[in-house]
Each structure stands twice: as C-alpha cells, then as structure tokens.
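Text of start.txt, listed as compact mmCIF, N, CA, C and O atoms:
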```txt
# COMPACT_ATOMS: atom_id res chain seq x y z
N MET A 1414 -275.85 -132.27 159.16
CA MET A 1414 -276.08 -131.79 157.82
C MET A 1414 -276.77 -130.42 157.90
O MET A 1414 -277.68 -130.21 158.67
N ARG A 1415 -276.31 -129.52 157.04
CA ARG A 1415 -276.85 -128.17 156.99
C ARG A 1415 -278.11 -128.12 156.13
O ARG A 1415 -278.15 -128.73 155.06
N PRO A 1416 -279.14 -127.40 156.58
CA PRO A 1416 -280.35 -127.31 155.75
C PRO A 1416 -280.07 -126.50 154.48
O PRO A 1416 -279.16 -125.70 154.45
N PRO A 1417 -280.86 -126.72 153.44
CA PRO A 1417 -280.64 -125.99 152.19
C PRO A 1417 -280.89 -124.49 152.38
O PRO A 1417 -281.69 -124.08 153.23
N VAL A 1418 -280.19 -123.70 151.62
CA VAL A 1418 -280.34 -122.25 151.66
C VAL A 1418 -281.60 -121.88 150.89
O VAL A 1418 -281.79 -122.31 149.75
N THR A 1419 -282.44 -121.09 151.50
CA THR A 1419 -283.68 -120.64 150.85
C THR A 1419 -283.48 -119.25 150.28
O THR A 1419 -282.51 -118.56 150.58
N ASN A 1420 -284.44 -118.81 149.46
CA ASN A 1420 -284.40 -117.45 148.94
C ASN A 1420 -284.44 -116.44 150.07
O ASN A 1420 -283.79 -115.40 150.00
N GLU A 1421 -285.22 -116.76 151.10
CA GLU A 1421 -285.29 -115.86 152.25
C GLU A 1421 -283.93 -115.74 152.93
O GLU A 1421 -283.53 -114.65 153.33
N ASP A 1422 -283.21 -116.85 153.06
CA ASP A 1422 -281.86 -116.82 153.63
C ASP A 1422 -280.93 -115.95 152.79
O ASP A 1422 -280.16 -115.15 153.32
N ALA A 1423 -281.00 -116.12 151.47
CA ALA A 1423 -280.16 -115.33 150.57
C ALA A 1423 -280.51 -113.86 150.66
O ALA A 1423 -279.61 -113.00 150.66
N ASP A 1424 -281.80 -113.55 150.75
CA ASP A 1424 -282.24 -112.16 150.89
C ASP A 1424 -281.69 -111.55 152.18
O ASP A 1424 -281.18 -110.42 152.18
N GLN A 1425 -281.78 -112.29 153.27
CA GLN A 1425 -281.27 -111.80 154.56
C GLN A 1425 -279.76 -111.62 154.52
O GLN A 1425 -279.23 -110.63 155.03
N ALA A 1426 -279.06 -112.56 153.92
CA ALA A 1426 -277.60 -112.46 153.82
C ALA A 1426 -277.21 -111.24 152.99
O ALA A 1426 -276.25 -110.53 153.33
N ALA A 1427 -277.96 -110.97 151.93
CA ALA A 1427 -277.68 -109.79 151.09
C ALA A 1427 -277.91 -108.51 151.88
O ALA A 1427 -277.12 -107.56 151.78
N LEU A 1428 -278.99 -108.47 152.66
CA LEU A 1428 -279.24 -107.29 153.49
C LEU A 1428 -278.12 -107.07 154.51
O LEU A 1428 -277.66 -105.94 154.69
N VAL A 1429 -277.67 -108.14 155.12
CA VAL A 1429 -276.59 -108.03 156.12
C VAL A 1429 -275.31 -107.52 155.46
O VAL A 1429 -274.66 -106.62 155.97
N LEU A 1430 -274.96 -108.10 154.30
CA LEU A 1430 -273.77 -107.63 153.59
C LEU A 1430 -273.92 -106.16 153.20
O LEU A 1430 -272.97 -105.38 153.32
N GLY A 1431 -275.10 -105.79 152.74
CA GLY A 1431 -275.34 -104.39 152.38
C GLY A 1431 -275.18 -103.45 153.56
O GLY A 1431 -274.59 -102.37 153.43
N LEU A 1432 -275.67 -103.86 154.71
CA LEU A 1432 -275.53 -103.02 155.91
C LEU A 1432 -274.07 -102.91 156.34
O LEU A 1432 -273.62 -101.82 156.72
N HIS A 1433 -273.34 -104.01 156.27
CA HIS A 1433 -271.91 -103.95 156.60
C HIS A 1433 -271.18 -103.04 155.62
O HIS A 1433 -270.32 -102.25 156.02
N ALA A 1434 -271.51 -103.15 154.34
CA ALA A 1434 -270.89 -102.31 153.32
C ALA A 1434 -271.23 -100.84 153.55
O ALA A 1434 -270.37 -99.97 153.40
N LEU A 1435 -272.46 -100.56 153.92
CA LEU A 1435 -272.85 -99.19 154.22
C LEU A 1435 -272.03 -98.64 155.37
O LEU A 1435 -271.51 -97.52 155.30
N GLY A 1436 -271.89 -99.41 156.44
CA GLY A 1436 -271.08 -98.97 157.57
C GLY A 1436 -269.65 -98.70 157.16
O GLY A 1436 -269.05 -97.69 157.56
N TRP A 1437 -269.10 -99.56 156.33
CA TRP A 1437 -267.73 -99.37 155.86
C TRP A 1437 -267.64 -98.10 155.02
O TRP A 1437 -266.72 -97.31 155.18
N ALA A 1438 -268.59 -97.90 154.11
CA ALA A 1438 -268.56 -96.73 153.22
C ALA A 1438 -268.66 -95.43 154.00
O ALA A 1438 -268.03 -94.43 153.64
N LEU A 1439 -269.43 -95.43 155.07
CA LEU A 1439 -269.63 -94.20 155.84
C LEU A 1439 -268.52 -93.93 156.85
O LEU A 1439 -268.45 -92.84 157.42
N ALA A 1440 -267.63 -94.88 157.06
CA ALA A 1440 -266.58 -94.74 158.07
C ALA A 1440 -265.52 -93.72 157.68
O ALA A 1440 -264.82 -93.21 158.56
N GLU A 1441 -265.41 -93.39 156.42
CA GLU A 1441 -264.41 -92.45 155.95
C GLU A 1441 -265.14 -91.26 155.33
O GLU A 1441 -265.93 -91.43 154.40
N PRO A 1442 -264.93 -90.04 155.86
CA PRO A 1442 -265.72 -88.88 155.42
C PRO A 1442 -265.70 -88.60 153.92
O PRO A 1442 -266.74 -88.29 153.34
N ASP A 1443 -264.54 -88.68 153.28
CA ASP A 1443 -264.50 -88.40 151.84
C ASP A 1443 -265.30 -89.43 151.04
O ASP A 1443 -266.02 -89.09 150.11
N ARG A 1444 -265.18 -90.69 151.45
CA ARG A 1444 -265.93 -91.75 150.77
C ARG A 1444 -267.43 -91.58 151.03
O ARG A 1444 -268.25 -91.75 150.13
N ALA A 1445 -267.79 -91.21 152.24
CA ALA A 1445 -269.21 -90.98 152.58
C ALA A 1445 -269.77 -89.85 151.73
O ALA A 1445 -270.89 -89.95 151.21
N SER A 1446 -269.00 -88.78 151.56
CA SER A 1446 -269.45 -87.66 150.73
C SER A 1446 -269.63 -88.09 149.28
O SER A 1446 -270.61 -87.70 148.63
N ARG A 1447 -268.70 -88.89 148.77
CA ARG A 1447 -268.82 -89.42 147.41
C ARG A 1447 -270.05 -90.29 147.27
O ARG A 1447 -270.77 -90.21 146.27
N LEU A 1448 -270.31 -91.12 148.27
CA LEU A 1448 -271.49 -91.99 148.25
C LEU A 1448 -272.76 -91.15 148.13
O LEU A 1448 -273.62 -91.43 147.29
N LEU A 1449 -272.87 -90.14 148.95
CA LEU A 1449 -274.06 -89.29 148.91
C LEU A 1449 -274.18 -88.58 147.58
O LEU A 1449 -275.27 -88.53 146.98
N ALA A 1450 -273.08 -88.05 147.08
CA ALA A 1450 -273.11 -87.31 145.82
C ALA A 1450 -273.48 -88.21 144.64
O ALA A 1450 -274.29 -87.82 143.79
N LEU A 1451 -272.91 -89.39 144.60
CA LEU A 1451 -273.12 -90.26 143.44
C LEU A 1451 -274.44 -91.02 143.48
O LEU A 1451 -274.97 -91.39 142.43
N THR A 1452 -274.97 -91.26 144.67
CA THR A 1452 -276.25 -91.98 144.76
C THR A 1452 -277.44 -91.03 144.78
O THR A 1452 -278.57 -91.46 144.59
N GLY A 1453 -277.18 -89.76 145.06
CA GLY A 1453 -278.27 -88.79 145.16
C GLY A 1453 -278.98 -88.83 146.50
O GLY A 1453 -279.99 -88.15 146.69
N LEU A 1454 -278.46 -89.62 147.42
CA LEU A 1454 -279.05 -89.69 148.76
C LEU A 1454 -278.58 -88.51 149.59
O LEU A 1454 -277.50 -87.98 149.38
N ASP A 1455 -279.40 -88.10 150.53
CA ASP A 1455 -278.96 -87.12 151.51
C ASP A 1455 -278.92 -87.84 152.86
O ASP A 1455 -279.49 -88.93 153.00
N PRO A 1456 -278.22 -87.26 153.85
CA PRO A 1456 -278.08 -87.97 155.13
C PRO A 1456 -279.40 -88.39 155.76
O PRO A 1456 -279.51 -89.50 156.28
N GLN A 1457 -280.40 -87.53 155.71
CA GLN A 1457 -281.69 -87.85 156.34
C GLN A 1457 -282.36 -89.03 155.63
O GLN A 1457 -282.86 -89.96 156.27
N THR A 1458 -282.37 -89.01 154.31
CA THR A 1458 -282.96 -90.10 153.55
C THR A 1458 -282.20 -91.40 153.78
O THR A 1458 -282.80 -92.46 153.93
N LEU A 1459 -280.88 -91.30 153.82
CA LEU A 1459 -280.06 -92.48 154.06
C LEU A 1459 -280.37 -93.10 155.42
O LEU A 1459 -280.55 -94.30 155.54
N ARG A 1460 -280.49 -92.26 156.44
CA ARG A 1460 -280.83 -92.78 157.77
C ARG A 1460 -282.19 -93.47 157.76
O ARG A 1460 -282.36 -94.53 158.35
N ALA A 1461 -283.15 -92.86 157.09
CA ALA A 1461 -284.51 -93.40 157.08
C ALA A 1461 -284.63 -94.68 156.26
O ALA A 1461 -285.51 -95.51 156.52
N SER A 1462 -283.75 -94.85 155.28
CA SER A 1462 -283.90 -96.00 154.38
C SER A 1462 -282.72 -96.96 154.43
O SER A 1462 -282.58 -97.80 153.54
N ALA A 1463 -281.92 -96.88 155.46
CA ALA A 1463 -280.69 -97.69 155.54
C ALA A 1463 -280.96 -99.19 155.48
O ALA A 1463 -280.12 -99.94 155.01
N GLY A 1464 -282.12 -99.64 155.89
CA GLY A 1464 -282.43 -101.06 155.85
C GLY A 1464 -283.19 -101.50 154.62
O GLY A 1464 -283.52 -102.68 154.48
N ASP A 1465 -283.46 -100.57 153.71
CA ASP A 1465 -284.22 -100.88 152.50
C ASP A 1465 -283.33 -101.53 151.44
O ASP A 1465 -282.19 -101.11 151.22
N ALA A 1466 -283.86 -102.52 150.77
CA ALA A 1466 -283.11 -103.22 149.73
C ALA A 1466 -282.60 -102.28 148.65
O ALA A 1466 -281.45 -102.37 148.22
N ALA A 1467 -283.43 -101.34 148.21
CA ALA A 1467 -283.03 -100.43 147.14
C ALA A 1467 -281.85 -99.54 147.57
O ALA A 1467 -280.93 -99.30 146.79
N THR A 1468 -281.89 -99.06 148.79
CA THR A 1468 -280.80 -98.22 149.29
C THR A 1468 -279.51 -99.02 149.39
O THR A 1468 -278.45 -98.56 148.96
N LEU A 1469 -279.60 -100.22 149.93
CA LEU A 1469 -278.41 -101.05 150.08
C LEU A 1469 -277.87 -101.48 148.72
O LEU A 1469 -276.65 -101.56 148.53
N ALA A 1470 -278.75 -101.73 147.76
CA ALA A 1470 -278.30 -102.04 146.40
C ALA A 1470 -277.56 -100.85 145.81
O ALA A 1470 -276.53 -101.03 145.13
N ALA A 1471 -278.03 -99.64 146.08
CA ALA A 1471 -277.34 -98.44 145.59
C ALA A 1471 -275.96 -98.31 146.22
O ALA A 1471 -275.00 -97.94 145.55
N VAL A 1472 -275.85 -98.62 147.50
CA VAL A 1472 -274.56 -98.57 148.18
C VAL A 1472 -273.60 -99.58 147.55
O VAL A 1472 -272.44 -99.26 147.25
N LEU A 1473 -274.07 -100.79 147.34
CA LEU A 1473 -273.22 -101.81 146.73
C LEU A 1473 -272.87 -101.45 145.29
O LEU A 1473 -271.74 -101.68 144.84
N GLY A 1474 -273.80 -100.86 144.57
CA GLY A 1474 -273.51 -100.39 143.22
C GLY A 1474 -272.45 -99.30 143.22
O GLY A 1474 -271.58 -99.26 142.34
N PHE A 1475 -272.52 -98.42 144.21
CA PHE A 1475 -271.50 -97.39 144.38
C PHE A 1475 -270.13 -98.03 144.56
O PHE A 1475 -269.15 -97.61 143.93
N LEU A 1476 -270.05 -99.05 145.38
CA LEU A 1476 -268.77 -99.72 145.60
C LEU A 1476 -268.29 -100.43 144.33
O LEU A 1476 -267.11 -100.40 144.00
N GLU A 1477 -269.22 -101.03 143.62
CA GLU A 1477 -268.87 -101.72 142.37
C GLU A 1477 -268.30 -100.76 141.34
O GLU A 1477 -267.48 -101.16 140.52
N SER A 1478 -268.74 -99.53 141.37
CA SER A 1478 -268.29 -98.56 140.36
C SER A 1478 -266.84 -98.13 140.57
O SER A 1478 -266.27 -97.48 139.70
N HIS A 1479 -266.26 -98.47 141.71
CA HIS A 1479 -264.86 -98.13 141.98
C HIS A 1479 -264.19 -99.36 142.60
O HIS A 1479 -264.30 -99.59 143.80
N GLU A 1480 -263.57 -100.16 141.75
CA GLU A 1480 -263.05 -101.46 142.17
C GLU A 1480 -262.17 -101.41 143.42
O GLU A 1480 -262.30 -102.29 144.28
N PRO A 1481 -261.30 -100.40 143.58
CA PRO A 1481 -260.50 -100.38 144.82
C PRO A 1481 -261.37 -100.33 146.08
O PRO A 1481 -261.05 -100.97 147.08
N ASP A 1482 -262.47 -99.58 146.03
CA ASP A 1482 -263.38 -99.55 147.17
C ASP A 1482 -264.07 -100.89 147.36
O ASP A 1482 -264.22 -101.37 148.50
N LEU A 1483 -264.48 -101.51 146.27
CA LEU A 1483 -265.15 -102.82 146.35
C LEU A 1483 -264.23 -103.84 147.01
O LEU A 1483 -264.64 -104.55 147.93
N VAL A 1484 -262.99 -103.88 146.58
CA VAL A 1484 -262.03 -104.84 147.13
C VAL A 1484 -261.71 -104.51 148.58
O VAL A 1484 -261.68 -105.40 149.44
N SER A 1485 -261.49 -103.23 148.88
CA SER A 1485 -261.19 -102.83 150.27
C SER A 1485 -262.34 -103.14 151.21
O SER A 1485 -262.13 -103.62 152.32
N CYS A 1486 -263.55 -102.87 150.76
CA CYS A 1486 -264.73 -103.15 151.58
C CYS A 1486 -264.84 -104.65 151.83
O CYS A 1486 -265.06 -105.08 152.96
N ALA A 1487 -264.71 -105.44 150.77
CA ALA A 1487 -264.82 -106.89 150.92
C ALA A 1487 -263.81 -107.40 151.93
O ALA A 1487 -264.15 -108.22 152.80
N THR A 1488 -262.59 -106.92 151.84
CA THR A 1488 -261.55 -107.34 152.78
C THR A 1488 -261.91 -106.93 154.20
O THR A 1488 -261.81 -107.73 155.13
N ALA A 1489 -262.36 -105.70 154.35
CA ALA A 1489 -262.68 -105.17 155.69
C ALA A 1489 -263.84 -105.90 156.36
O ALA A 1489 -263.84 -106.07 157.58
N ILE A 1490 -264.81 -106.34 155.57
CA ILE A 1490 -265.97 -107.01 156.17
C ILE A 1490 -265.91 -108.53 156.01
O ILE A 1490 -266.89 -109.22 156.24
N ASP A 1491 -264.74 -109.01 155.63
CA ASP A 1491 -264.45 -110.44 155.58
C ASP A 1491 -265.37 -111.20 154.62
O ASP A 1491 -266.02 -112.19 154.99
N THR A 1492 -265.42 -110.69 153.39
CA THR A 1492 -266.17 -111.36 152.33
C THR A 1492 -265.39 -111.21 151.04
O THR A 1492 -264.23 -110.82 151.06
N THR A 1493 -266.02 -111.51 149.93
CA THR A 1493 -265.36 -111.36 148.63
C THR A 1493 -266.06 -110.28 147.81
O THR A 1493 -267.26 -110.02 148.02
N PRO A 1494 -265.34 -109.69 146.86
CA PRO A 1494 -266.02 -108.75 145.96
C PRO A 1494 -267.19 -109.41 145.24
O PRO A 1494 -268.24 -108.79 145.07
N ALA A 1495 -267.03 -110.66 144.83
CA ALA A 1495 -268.11 -111.36 144.13
C ALA A 1495 -269.35 -111.49 145.01
O ALA A 1495 -270.48 -111.39 144.52
N ALA A 1496 -269.16 -111.70 146.29
CA ALA A 1496 -270.30 -111.80 147.21
C ALA A 1496 -271.03 -110.46 147.31
O ALA A 1496 -272.26 -110.42 147.40
N LEU A 1497 -270.28 -109.37 147.28
CA LEU A 1497 -270.91 -108.04 147.32
C LEU A 1497 -271.70 -107.78 146.04
O LEU A 1497 -272.81 -107.25 146.09
N VAL A 1498 -271.13 -108.17 144.92
CA VAL A 1498 -271.84 -108.01 143.64
C VAL A 1498 -273.11 -108.85 143.63
O VAL A 1498 -274.18 -108.38 143.24
N ARG A 1499 -273.00 -110.08 144.10
CA ARG A 1499 -274.18 -110.96 144.16
C ARG A 1499 -275.24 -110.39 145.10
O ARG A 1499 -276.44 -110.44 144.81
N ALA A 1500 -274.80 -109.83 146.22
CA ALA A 1500 -275.74 -109.21 147.16
C ALA A 1500 -276.50 -108.07 146.49
O ALA A 1500 -277.71 -107.93 146.65
N ARG A 1501 -275.80 -107.26 145.70
CA ARG A 1501 -276.47 -106.17 144.98
C ARG A 1501 -277.52 -106.73 144.05
O ARG A 1501 -278.65 -106.23 143.98
N GLN A 1502 -277.17 -107.77 143.32
CA GLN A 1502 -278.13 -108.38 142.39
C GLN A 1502 -279.37 -108.88 143.11
O GLN A 1502 -280.50 -108.67 142.65
N ILE A 1503 -279.16 -109.53 144.23
CA ILE A 1503 -280.28 -110.05 145.02
C ILE A 1503 -281.15 -108.90 145.53
O ILE A 1503 -282.38 -108.95 145.45
N LEU A 1504 -280.52 -107.85 146.04
CA LEU A 1504 -281.27 -106.71 146.58
C LEU A 1504 -282.05 -106.00 145.48
O LEU A 1504 -283.16 -105.53 145.70
N GLU A 1505 -281.47 -105.90 144.29
CA GLU A 1505 -282.18 -105.25 143.18
C GLU A 1505 -283.40 -106.05 142.75
O GLU A 1505 -284.36 -105.49 142.23
N ASP A 1506 -283.37 -107.35 142.96
CA ASP A 1506 -284.49 -108.21 142.57
C ASP A 1506 -285.62 -108.24 143.60
O ASP A 1506 -286.67 -108.83 143.35
N GLN A 1507 -285.40 -107.66 144.75
CA GLN A 1507 -286.44 -107.69 145.80
C GLN A 1507 -287.53 -106.70 145.51
O GLN A 1507 -287.40 -105.68 144.97
```
Show me this structure written as structure tokens.
Amino acid sequence: MRPPVTNEDADQAALVLGLHALGWALAEPDRASRLLALTGLDPQTLRASAGDAATLAAVLGFLESHEPDLVSCATAIDTTPAALVRARQILEDQ
C-alpha cells in the first residue's frame, strides 16, 4: 500500500514539474527569448532563481498563456497539461 500524499510531496512534485518545464522552455532559443521577454526575467536572474517557487510558477504561467506550448511541454516531459496547471497553482501558494 502506498502512503498518503502530503502537502510536502505535492510541493516537491510541483517543483520538479516546474524545473522540467523550465528546461523544456529553454531548449528552443525563440521560446526562451519569449519566456524572458514575457516574464521580465533576465538570464542572470533566471539562473539564480531557477529553483524558486515564484520563478517556476512564472514559467508555468508562461506556458499556460500559449496552449500549444503547454500541450507540447506536457507531452515532452510525460505529464498532462492539467498537471502543469496544478503545479503552477501549488507553486503560487508557497
């Protein structure tokens, strides 16, 4: 039997999904440029805050704002768009 999922588990899962999504978003130069422009992040700030909940929530929000990217990212990292949206919500609540 699997132990119940705790808030800490959900928080960690959201962080992991956010990091995977960030890696996916940065893998394509045009998309990476759009991410920086639309989130207001610069490369140095992004590097320094890549593990922060607020930064990862911004990345997931960026993907949510363009459904084709959200769906492509979810497929690429073997999850669902709904899971990415939920991860953003969890990260915003931290």
Shell around Leu1483 (chain A) at 10 Å using only C-alpha atoms, local window under 2 positions removed, as a PDB file with N, CA, C and O atoms, in the coordinates of the input:
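Writing the result to out39.pdb gives the following:
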```pdb
ATOM      1  N   ALA A1434    -271.510-103.150 154.340  1.00  0.00           N
ATOM      2  CA  ALA A1434    -270.890-102.310 153.320  1.00  0.00           C
ATOM      3  C   ALA A1434    -271.230-100.840 153.550  1.00  0.00           C
ATOM      4  O   ALA A1434    -270.370 -99.970 153.400  1.00  0.00           O
ATOM      5  N   ALA A1438    -268.590 -97.900 154.110  1.00  0.00           N
ATOM      6  CA  ALA A1438    -268.560 -96.730 153.220  1.00  0.00           C
ATOM      7  C   ALA A1438    -268.660 -95.430 154.000  1.00  0.00           C
ATOM      8  O   ALA A1438    -268.030 -94.430 153.640  1.00  0.00           O
ATOM      9  N   LEU A1473    -274.070-100.790 147.340  1.00  0.00           N
ATOM     10  CA  LEU A1473    -273.220-101.810 146.730  1.00  0.00           C
ATOM     11  C   LEU A1473    -272.870-101.450 145.290  1.00  0.00           C
ATOM     12  O   LEU A1473    -271.740-101.680 144.840  1.00  0.00           O
ATOM     13  N   GLY A1474    -273.800-100.860 144.570  1.00  0.00           N
ATOM     14  CA  GLY A1474    -273.510-100.390 143.220  1.00  0.00           C
ATOM     15  C   GLY A1474    -272.450 -99.300 143.220  1.00  0.00           C
ATOM     16  O   GLY A1474    -271.580 -99.260 142.340  1.00  0.00           O
ATOM     17  N   PHE A1475    -272.520 -98.420 144.210  1.00  0.00           N
ATOM     18  CA  PHE A1475    -271.500 -97.390 144.380  1.00  0.00           C
ATOM     19  C   PHE A1475    -270.130 -98.030 144.560  1.00  0.00           C
ATOM     20  O   PHE A1475    -269.150 -97.610 143.930  1.00  0.00           O
ATOM     21  N   LEU A1476    -270.050 -99.050 145.380  1.00  0.00           N
ATOM     22  CA  LEU A1476    -268.770 -99.720 145.600  1.00  0.00           C
ATOM     23  C   LEU A1476    -268.290-100.430 144.330  1.00  0.00           C
ATOM     24  O   LEU A1476    -267.110-100.400 144.000  1.00  0.00           O
ATOM     25  N   GLU A1477    -269.220-101.030 143.620  1.00  0.00           N
ATOM     26  CA  GLU A1477    -268.870-101.720 142.370  1.00  0.00           C
ATOM     27  C   GLU A1477    -268.300-100.760 141.340  1.00  0.00           C
ATOM     28  O   GLU A1477    -267.480-101.160 140.520  1.00  0.00           O
ATOM     29  N   SER A1478    -268.740 -99.530 141.370  1.00  0.00           N
ATOM     30  CA  SER A1478    -268.290 -98.560 140.360  1.00  0.00           C
ATOM     31  C   SER A1478    -266.840 -98.130 140.570  1.00  0.00           C
ATOM     32  O   SER A1478    -266.270 -97.480 139.700  1.00  0.00           O
ATOM     33  N   HIS A1479    -266.260 -98.470 141.710  1.00  0.00           N
ATOM     34  CA  HIS A1479    -264.860 -98.130 141.980  1.00  0.00           C
ATOM     35  C   HIS A1479    -264.190 -99.360 142.600  1.00  0.00           C
ATOM     36  O   HIS A1479    -264.300 -99.590 143.800  1.00  0.00           O
ATOM     37  N   GLU A1480    -263.570-100.160 141.750  1.00  0.00           N
ATOM     38  CA  GLU A1480    -263.050-101.460 142.170  1.00  0.00           C
ATOM     39  C   GLU A1480    -262.170-101.410 143.420  1.00  0.00           C
ATOM     40  O   GLU A1480    -262.300-102.290 144.280  1.00  0.00           O
ATOM     41  N   PRO A1481    -261.300-100.400 143.580  1.00  0.00           N
ATOM     42  CA  PRO A1481    -260.500-100.380 144.820  1.00  0.00           C
ATOM     43  C   PRO A1481    -261.370-100.330 146.080  1.00  0.00           C
ATOM     44  O   PRO A1481    -261.050-100.970 147.080  1.00  0.00           O
ATOM     45  N   SER A1485    -261.490-103.230 148.880  1.00  0.00           N
ATOM     46  CA  SER A1485    -261.190-102.830 150.270  1.00  0.00           C
ATOM     47  C   SER A1485    -262.340-103.140 151.210  1.00  0.00           C
ATOM     48  O   SER A1485    -262.130-103.620 152.320  1.00  0.00           O
ATOM     49  N   CYS A1486    -263.550-102.870 150.760  1.00  0.00           N
ATOM     50  CA  CYS A1486    -264.730-103.150 151.580  1.00  0.00           C
ATOM     51  C   CYS A1486    -264.840-104.650 151.830  1.00  0.00           C
ATOM     52  O   CYS A1486    -265.060-105.080 152.960  1.00  0.00           O
ATOM     53  N   ALA A1487    -264.710-105.440 150.770  1.00  0.00           N
ATOM     54  CA  ALA A1487    -264.820-106.890 150.920  1.00  0.00           C
ATOM     55  C   ALA A1487    -263.810-107.400 151.930  1.00  0.00           C
ATOM     56  O   ALA A1487    -264.150-108.220 152.800  1.00  0.00           O
ATOM     57  N   THR A1488    -262.590-106.920 151.840  1.00  0.00           N
ATOM     58  CA  THR A1488    -261.550-107.340 152.780  1.00  0.00           C
ATOM     59  C   THR A1488    -261.910-106.930 154.200  1.00  0.00           C
ATOM     60  O   THR A1488    -261.810-107.730 155.130  1.00  0.00           O
ATOM     61  N   ALA A1489    -262.360-105.700 154.350  1.00  0.00           N
ATOM     62  CA  ALA A1489    -262.680-105.170 155.690  1.00  0.00           C
ATOM     63  C   ALA A1489    -263.840-105.900 156.360  1.00  0.00           C
ATOM     64  O   ALA A1489    -263.840-106.070 157.580  1.00  0.00           O
ATOM     65  N   THR A1493    -266.020-111.510 149.930  1.00  0.00           N
ATOM     66  CA  THR A1493    -265.360-111.360 148.630  1.00  0.00           C
ATOM     67  C   THR A1493    -266.060-110.280 147.810  1.00  0.00           C
ATOM     68  O   THR A1493    -267.260-110.020 148.020  1.00  0.00           O
ATOM     69  N   PRO A1494    -265.340-109.690 146.860  1.00  0.00           N
ATOM     70  CA  PRO A1494    -266.020-108.750 145.960  1.00  0.00           C
ATOM     71  C   PRO A1494    -267.190-109.410 145.240  1.00  0.00           C
ATOM     72  O   PRO A1494    -268.240-108.790 145.070  1.00  0.00           O
ATOM     73  N   ALA A1495    -267.030-110.660 144.830  1.00  0.00           N
ATOM     74  CA  ALA A1495    -268.110-111.360 144.130  1.00  0.00           C
ATOM     75  C   ALA A1495    -269.350-111.490 145.010  1.00  0.00           C
ATOM     76  O   ALA A1495    -270.480-111.390 144.520  1.00  0.00           O
ATOM     77  N   LEU A1497    -270.280-109.370 147.280  1.00  0.00           N
ATOM     78  CA  LEU A1497    -270.910-108.040 147.320  1.00  0.00           C
ATOM     79  C   LEU A1497    -271.700-107.780 146.040  1.00  0.00           C
ATOM     80  O   LEU A1497    -272.810-107.250 146.090  1.00  0.00           O
ATOM     81  N   VAL A1498    -271.130-108.170 144.920  1.00  0.00           N
ATOM     82  CA  VAL A1498    -271.840-108.010 143.640  1.00  0.00           C
ATOM     83  C   VAL A1498    -273.110-108.850 143.630  1.00  0.00           C
ATOM     84  O   VAL A1498    -274.180-108.380 143.240  1.00  0.00           O
TER      85      VAL A1498
END
```
Task: Sel. of helix (DSSP H, G or I) residues, region 1423-1491 of chain A, as a ChimeraX atom specification - done: /A:1423-1439,1442-1452,1456-1462,1466-1477,1480-1489
Open item on the list: Can you measure atom O of Glu1421 (chain A) to atom N of Ala1471 (chain A) for me? One decimal in Å is fine.
Closed with: 17.6 Å
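The shortest atom-to-atom distance to Gln1507 (chain A), with only N, CA, C and O atoms taken into account, belongs to A:Ala1467 out of A:Ala1467, A:Ala1445, A:Leu1459, A:Asp1422.
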Task: Atomic separation - CA of Leu1439 (chain A) relative to atom O of Asp1455 (chain A), Å - done: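 Taking atom O of Asp1455 (chain A) as the start and CA of Leu1439 (chain A) as the end point, the length is 11.5 Å.
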Task: Atom-to-atom span, CA of Ala1427 (chain A) and CA of Gln1457 (chain A), Å - done: 22.9 Å
